[in-house]
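K.L.:
Can you read through this structure? Questions will come right after.
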Amino acid sequence: MTHDLVAALRPLLTAEASAEAYACGGEPGDLEQAVWLRLLERLETDGPPPDPPGWLREAVRAEGRRSRRATHRERPYDGEPADDLRPGPEQHVLAAARYRALRDAVRRLPGRCPRLMEALLSPRDLTYREIAGELGISQGSLGPERSRCLGCLRRLLTPEVAPCEARG
């Protein structure tokens, strides 16, 4: 592409792209860029157009039509993909690691605590009455027993959890 051709077509392209951009809902600069690219591609394959201003007007309109078709086909996101509230693979891996650490700590608890904590963590969502019946203890002693077991579990997990740093 020669400097003379670019210099001669630039004002016409700017005017045509500005007029067509409004109709297609695009940006004039985007249309200009697309037409310059089309011209470069044409120069490599077919050489310069016989009627550069006529070719340029037709190219701007063709790019405008392409832009309108793309706008009709494309649908905006309801929200940004980064705003997706569903957990990604990293969160699944971290949750699984925390779950394994919790289960390992529960197995290391003393006395009846492992069975009690397993019953409390059960996916069956047992009631206190069902847990007491399963463990063979009274329902009234389940709360204090649970508190003792949670205290033990907290002490076991403390070394595995990073300490909070002082702020300020």
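Chains: A, B, ... in order of the structure tokens. Residues: from 1 per chain. Ligands: from 1, in order shown.
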Excluding stretch 51-62 of chain A and any residue of its chain fewer than 5 positions from it, enumerate the residues within 8 Å of it, using only C-alpha atoms, and give them as a CSV table (one decimal) with N, CA and C atoms, in the first residue's frame.
P.N.:
chain,number,residue,atom,x,y,z
A,9,LEU,N,-7.1,8.2,0.8
A,9,LEU,CA,-8.3,7.5,1.3
A,9,LEU,C,-8.7,7.8,2.7
A,12,LEU,N,-11.7,10.3,3.4
A,12,LEU,CA,-12.9,9.6,2.9
A,12,LEU,C,-13.3,8.5,3.9
A,13,LEU,N,-12.4,7.7,4.3
A,13,LEU,CA,-12.6,6.6,5.2
A,13,LEU,C,-13.1,7.1,6.5
A,16,GLU,N,-16.8,8.2,6.0
A,16,GLU,CA,-17.7,7.1,5.7
A,16,GLU,C,-17.9,6.2,7.0
A,17,ALA,N,-16.8,6.0,7.7
A,17,ALA,CA,-16.9,5.1,8.9
A,17,ALA,C,-17.7,5.8,10.0
A,20,GLU,N,-21.4,5.5,8.9
A,20,GLU,CA,-21.9,4.1,9.0
A,20,GLU,C,-21.9,3.6,10.4
A,31,LEU,N,-14.5,0.4,12.6
A,31,LEU,CA,-14.8,0.2,11.2
A,31,LEU,C,-13.6,0.6,10.3
A,32,GLU,N,-13.0,1.7,10.7
A,32,GLU,CA,-11.8,2.1,9.9
A,32,GLU,C,-10.7,1.0,9.9
A,35,VAL,N,-11.6,-1.9,7.7
A,35,VAL,CA,-11.5,-1.6,6.3
A,35,VAL,C,-10.1,-1.5,5.9
A,38,ARG,N,-9.0,-5.0,5.4
A,38,ARG,CA,-9.5,-5.5,4.1
A,38,ARG,C,-8.7,-5.0,3.0
K.L.:
Just list as a PyMOL selection string whatever in chain A DSSP marks as helix (DSSP H, G or I).
P.N.:
chain A and resi 3-24+28-45+52-73+81-83+89-107+113-120+128-135+139-160
K.L.:
If you measure from atom CA of A:Ser67 to atom CA of A:Gln33, what distance in Å do you get, rounded to one decimal?
P.N.:
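Calculated distance between atom CA of A:Ser67 and atom CA of A:Gln33 is 12.7 Å.
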K.L.:
Please provide as a ChimeraX atom specification all residues within 12 Å of A:Gly143, with the sequence filter that same-chain residues fewer than 4 positions apart are discarded (counting only C-alpha atoms).
P.N.:
/A:116-117,120,128-129,131-132,137-139,147-150
K.L.:
Quote the spacing between atom CA of A:His3 and atom CA of A:Gly29 in Å to one decimal place.
P.N.:
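Atom-to-atom, atom CA of A:His3 to atom CA of A:Gly29, that is 19.7 Å.
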K.L.:
If I take atom CA of A:Gly136 and atom CA of A:Arg98, how far is one from the other in Å, to one decimal?
P.N.:
29.9 Å
